[in-house]
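Take a look at the structure below.
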Amino acid sequence: MGSGKSTIGKLLSKKMNLEYIDMDSELEILMDMSIQRIFSDYGEKRFRMIESTFFREISKVGQLIYATGGGIILDKLNRAIIQKGTSIFLDCSIEELINRVQDDNQNRPLLNGDIKKNMINLYNERNNFYKKCATHTIDTTTLNTNQVVDEIIKCIN
């Protein structure tokens with residue numbers, strides 16, 4: 001959350017001329033409700049099930065660029081799928097992640113309450129999974145979006 005997945009995914013898809021899918025946006029269209037509302041109406045467990053099902057289907061499409069929700073990594077089968085392709089972990093310091101999401105917590109249901117505490121918990125819960133599944137890791141803490149895209153292209157070429 002806050003690493004730049006959606007922004008970088010869009011830029012990378014244009015530069016590489018590949019289709020881009022933002023999973024959260026697509027799920028909102030599919031469900032005809034916001035991620036926040038899906039969480040509030042169905043709960044996180046049900047959301048993760050819907051998200052995983054959708055992810056497993058789009059992973060069959062072939063070459064495309066997609067930004068997954070940060071929690072996709074929690075499911076063992078999802079991790080196995082991620083490891084079959086080329087995956088880029090957009091790493092970032094926890095301090096910078098908190099700074100980036102500070103003003104956007106209304107659209108992030110897992111950040112309700114103490115943003116800093118919740119971000120640290122999510123980071124600690126997921127970070128090792130991200131690192132183990134990634135083909136490449138790029139620290140985005142001090143890079144601008146164009147620099148991140150250039151780094152990704154270097155990695156995959």
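So you can find residues: chains in the structure tokens are A, B, ... in the order shown, residues in each start at 1, and ligands are numbered from 1 in order.
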Might you pull out every residue within 10 Å of A:Gly70, with only C-alpha atoms counted and same-chain residues fewer than 6 positions away left off, and present them as a PDB file with all heavy atoms, in the first residue's frame?
```
ATOM      1  N   MET A   1       0.838  -1.170   0.000  1.00  0.00           N
ATOM      2  CA  MET A   1       0.000   0.000   0.000  1.00  0.00           C
ATOM      3  C   MET A   1       0.890   1.242   0.000  1.00  0.00           C
ATOM      4  O   MET A   1       1.695   1.430   0.891  1.00  0.00           O
ATOM      5  CB  MET A   1      -0.868  -0.034   1.267  1.00  0.00           C
ATOM      6  CG  MET A   1      -2.126   0.729   1.161  1.00  0.00           C
ATOM      7  SD  MET A   1      -3.158   0.615   2.650  1.00  0.00           S
ATOM      8  CE  MET A   1      -3.301  -1.119   2.952  1.00  0.00           C
ATOM      9  N   GLY A   2       0.750   2.049  -1.058  1.00  0.00           N
ATOM     10  CA  GLY A   2       1.539   3.261  -1.146  1.00  0.00           C
ATOM     11  C   GLY A   2       2.861   3.112  -1.873  1.00  0.00           C
ATOM     12  O   GLY A   2       3.608   4.074  -2.001  1.00  0.00           O
ATOM     13  N   SER A   3       3.143   1.918  -2.371  1.00  0.00           N
ATOM     14  CA  SER A   3       4.438   1.704  -3.040  1.00  0.00           C
ATOM     15  C   SER A   3       4.460   2.255  -4.463  1.00  0.00           C
ATOM     16  O   SER A   3       5.523   2.422  -5.040  1.00  0.00           O
ATOM     17  CB  SER A   3       4.783   0.209  -3.074  1.00  0.00           C
ATOM     18  OG  SER A   3       3.857  -0.484  -3.884  1.00  0.00           O
ATOM     19  N   LYS A   5       2.222   0.923  -7.020  1.00  0.00           N
ATOM     20  CA  LYS A   5       1.854  -0.136  -7.965  1.00  0.00           C
ATOM     21  C   LYS A   5       0.973   0.361  -9.107  1.00  0.00           C
ATOM     22  O   LYS A   5       1.256   0.096 -10.266  1.00  0.00           O
ATOM     23  CB  LYS A   5       1.134  -1.280  -7.233  1.00  0.00           C
ATOM     24  CG  LYS A   5       1.932  -1.994  -6.183  1.00  0.00           C
ATOM     25  CD  LYS A   5       1.146  -3.101  -5.510  1.00  0.00           C
ATOM     26  CE  LYS A   5      -0.114  -2.686  -4.820  1.00  0.00           C
ATOM     27  NZ  LYS A   5       0.037  -1.897  -3.598  1.00  0.00           N
ATOM     28  N   ASP A  24      -7.648  -3.762  -8.168  1.00  0.00           N
ATOM     29  CA  ASP A  24      -8.630  -3.111  -7.298  1.00  0.00           C
ATOM     30  C   ASP A  24      -9.688  -2.382  -8.120  1.00  0.00           C
ATOM     31  O   ASP A  24     -10.882  -2.496  -7.848  1.00  0.00           O
ATOM     32  CB  ASP A  24      -7.953  -2.146  -6.322  1.00  0.00           C
ATOM     33  CG  ASP A  24      -7.265  -2.866  -5.169  1.00  0.00           C
ATOM     34  OD1 ASP A  24      -7.466  -4.089  -5.002  1.00  0.00           O
ATOM     35  OD2 ASP A  24      -6.518  -2.203  -4.431  1.00  0.00           O
ATOM     36  N   LEU A 122       0.936  -4.270   8.705  1.00  0.00           N
ATOM     37  CA  LEU A 122       0.809  -4.820   7.351  1.00  0.00           C
ATOM     38  C   LEU A 122       2.180  -5.062   6.734  1.00  0.00           C
ATOM     39  O   LEU A 122       2.423  -6.104   6.114  1.00  0.00           O
ATOM     40  CB  LEU A 122      -0.007  -3.873   6.459  1.00  0.00           C
ATOM     41  CG  LEU A 122      -1.494  -3.778   6.754  1.00  0.00           C
ATOM     42  CD1 LEU A 122      -2.123  -2.644   5.948  1.00  0.00           C
ATOM     43  CD2 LEU A 122      -2.193  -5.093   6.470  1.00  0.00           C
ATOM     44  N   TYR A 123       3.056  -4.104   6.896  1.00  0.00           N
ATOM     45  CA  TYR A 123       4.417  -4.214   6.354  1.00  0.00           C
ATOM     46  C   TYR A 123       5.118  -5.441   6.931  1.00  0.00           C
ATOM     47  O   TYR A 123       5.692  -6.247   6.190  1.00  0.00           O
ATOM     48  CB  TYR A 123       5.181  -2.935   6.695  1.00  0.00           C
ATOM     49  CG  TYR A 123       6.560  -2.838   6.098  1.00  0.00           C
ATOM     50  CD1 TYR A 123       6.737  -2.280   4.841  1.00  0.00           C
ATOM     51  CD2 TYR A 123       7.687  -3.271   6.790  1.00  0.00           C
ATOM     52  CE1 TYR A 123       8.006  -2.157   4.281  1.00  0.00           C
ATOM     53  CE2 TYR A 123       8.954  -3.151   6.240  1.00  0.00           C
ATOM     54  CZ  TYR A 123       9.105  -2.592   4.990  1.00  0.00           C
ATOM     55  OH  TYR A 123      10.353  -2.489   4.444  1.00  0.00           O
ATOM     56  N   ARG A 126       3.598  -8.794   5.602  1.00  0.00           N
ATOM     57  CA  ARG A 126       3.681  -9.109   4.176  1.00  0.00           C
ATOM     58  C   ARG A 126       5.072  -9.012   3.564  1.00  0.00           C
ATOM     59  O   ARG A 126       5.325  -9.624   2.530  1.00  0.00           O
ATOM     60  CB  ARG A 126       2.759  -8.161   3.405  1.00  0.00           C
ATOM     61  CG  ARG A 126       1.307  -8.293   3.805  1.00  0.00           C
ATOM     62  CD  ARG A 126       0.478  -7.222   3.164  1.00  0.00           C
ATOM     63  NE  ARG A 126      -0.930  -7.350   3.513  1.00  0.00           N
ATOM     64  CZ  ARG A 126      -1.859  -6.525   3.096  1.00  0.00           C
ATOM     65  NH1 ARG A 126      -1.540  -5.506   2.304  1.00  0.00           N
ATOM     66  NH2 ARG A 126      -3.110  -6.702   3.446  1.00  0.00           N
ATOM     67  N   TYR A 130       6.566 -10.723  -0.039  1.00  0.00           N
ATOM     68  CA  TYR A 130       6.895  -9.945  -1.229  1.00  0.00           C
ATOM     69  C   TYR A 130       8.312 -10.260  -1.702  1.00  0.00           C
ATOM     70  O   TYR A 130       8.547 -10.498  -2.883  1.00  0.00           O
ATOM     71  CB  TYR A 130       6.818  -8.439  -0.960  1.00  0.00           C
ATOM     72  CG  TYR A 130       5.459  -7.878  -0.612  1.00  0.00           C
ATOM     73  CD1 TYR A 130       5.349  -6.861   0.329  1.00  0.00           C
ATOM     74  CD2 TYR A 130       4.299  -8.329  -1.216  1.00  0.00           C
ATOM     75  CE1 TYR A 130       4.124  -6.313   0.654  1.00  0.00           C
ATOM     76  CE2 TYR A 130       3.071  -7.788  -0.897  1.00  0.00           C
ATOM     77  CZ  TYR A 130       2.989  -6.775   0.037  1.00  0.00           C
ATOM     78  OH  TYR A 130       1.784  -6.234   0.354  1.00  0.00           O
TER      79      TYR A 130
END
```
Running DSSP on the backbone, which parts of stretch 1-96 of chain A land in strand (DSSP E or B), as a compact mmCIF listing (two decimals) with N, CA and C atoms, in the first residue's frame?
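Resulting contents of selection10.txt:
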```
# COMPACT_ATOMS: atom_id res chain seq x y z
N TYR A 20 -2.65 -3.21 -19.32
CA TYR A 20 -2.50 -3.01 -17.88
C TYR A 20 -3.84 -3.25 -17.20
N ILE A 21 -3.79 -3.95 -16.08
CA ILE A 21 -4.98 -4.18 -15.27
C ILE A 21 -4.66 -3.80 -13.83
N ASP A 22 -5.46 -2.91 -13.28
CA ASP A 22 -5.39 -2.58 -11.86
C ASP A 22 -6.46 -3.43 -11.19
N ILE A 65 0.48 -6.43 -17.80
CA ILE A 65 1.00 -5.83 -16.58
C ILE A 65 -0.18 -5.62 -15.66
N TYR A 66 -0.07 -6.10 -14.43
CA TYR A 66 -1.15 -5.85 -13.49
C TYR A 66 -0.61 -5.48 -12.13
N ALA A 67 -1.37 -4.61 -11.49
CA ALA A 67 -1.08 -4.20 -10.12
C ALA A 67 -2.07 -4.94 -9.23
N ILE A 88 7.67 -7.85 -9.92
CA ILE A 88 8.50 -6.76 -9.43
C ILE A 88 7.94 -6.32 -8.08
N PHE A 89 8.78 -6.36 -7.07
CA PHE A 89 8.39 -5.87 -5.75
C PHE A 89 8.86 -4.43 -5.64
N LEU A 90 7.90 -3.52 -5.55
CA LEU A 90 8.22 -2.12 -5.36
C LEU A 90 8.37 -1.87 -3.86
N ASP A 91 9.58 -2.03 -3.39
CA ASP A 91 9.87 -1.89 -1.98
C ASP A 91 9.97 -0.41 -1.63
```
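In this comparison, which uses only C-alpha atoms, the residue of A:Val61, A:Met49, A:Leu97, A:Ile153 approaching A:Leu74 most closely is A:Met49.
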Filtered DSSP result for chain A, state helix (DSSP H, G or I), as an MDAnalysis selection string:
chainID A and resid 5:16 23:31 35:58 70:74 76:84 94:107 109:111 115:133 145:156
Give me, as a ChimeraX atom specification, all polymer residues having an atom no more than 12 Å from A:Thr137, counting only C-alpha atoms and skipping those fewer than 3 positions away in the same chain.
/A:3,86-92,127-128,130-134,140,148,151-152,154-156
Please produce a file of the residues just selected, as a compact mmCIF listing (two decimals), in the first residue's frame, where the atoms kept are C-alpha atoms.
```txt
# COMPACT_ATOMS: atom_id res chain seq x y z
CA SER A 3 4.44 1.70 -3.04
CA THR A 86 8.02 -12.00 -13.75
CA SER A 87 7.15 -10.05 -10.64
CA ILE A 88 8.50 -6.76 -9.43
CA PHE A 89 8.39 -5.87 -5.75
CA LEU A 90 8.22 -2.12 -5.36
CA ASP A 91 9.87 -1.89 -1.98
CA CYS A 92 9.84 1.29 0.07
CA ASN A 127 7.23 -7.92 3.50
CA ASN A 128 8.92 -11.34 3.58
CA TYR A 130 6.90 -9.94 -1.23
CA LYS A 131 10.65 -10.47 -1.14
CA LYS A 132 10.40 -14.26 -1.57
CA CYS A 133 8.01 -14.03 -4.51
CA ALA A 134 9.69 -11.22 -6.40
CA THR A 140 11.13 3.19 -4.68
CA VAL A 148 11.13 3.31 -11.25
CA GLU A 151 14.63 0.37 -13.40
CA ILE A 152 11.88 -2.17 -14.11
CA LYS A 154 16.38 -2.71 -17.03
CA CYS A 155 15.47 -5.66 -14.79
CA ILE A 156 13.26 -7.43 -17.28
```
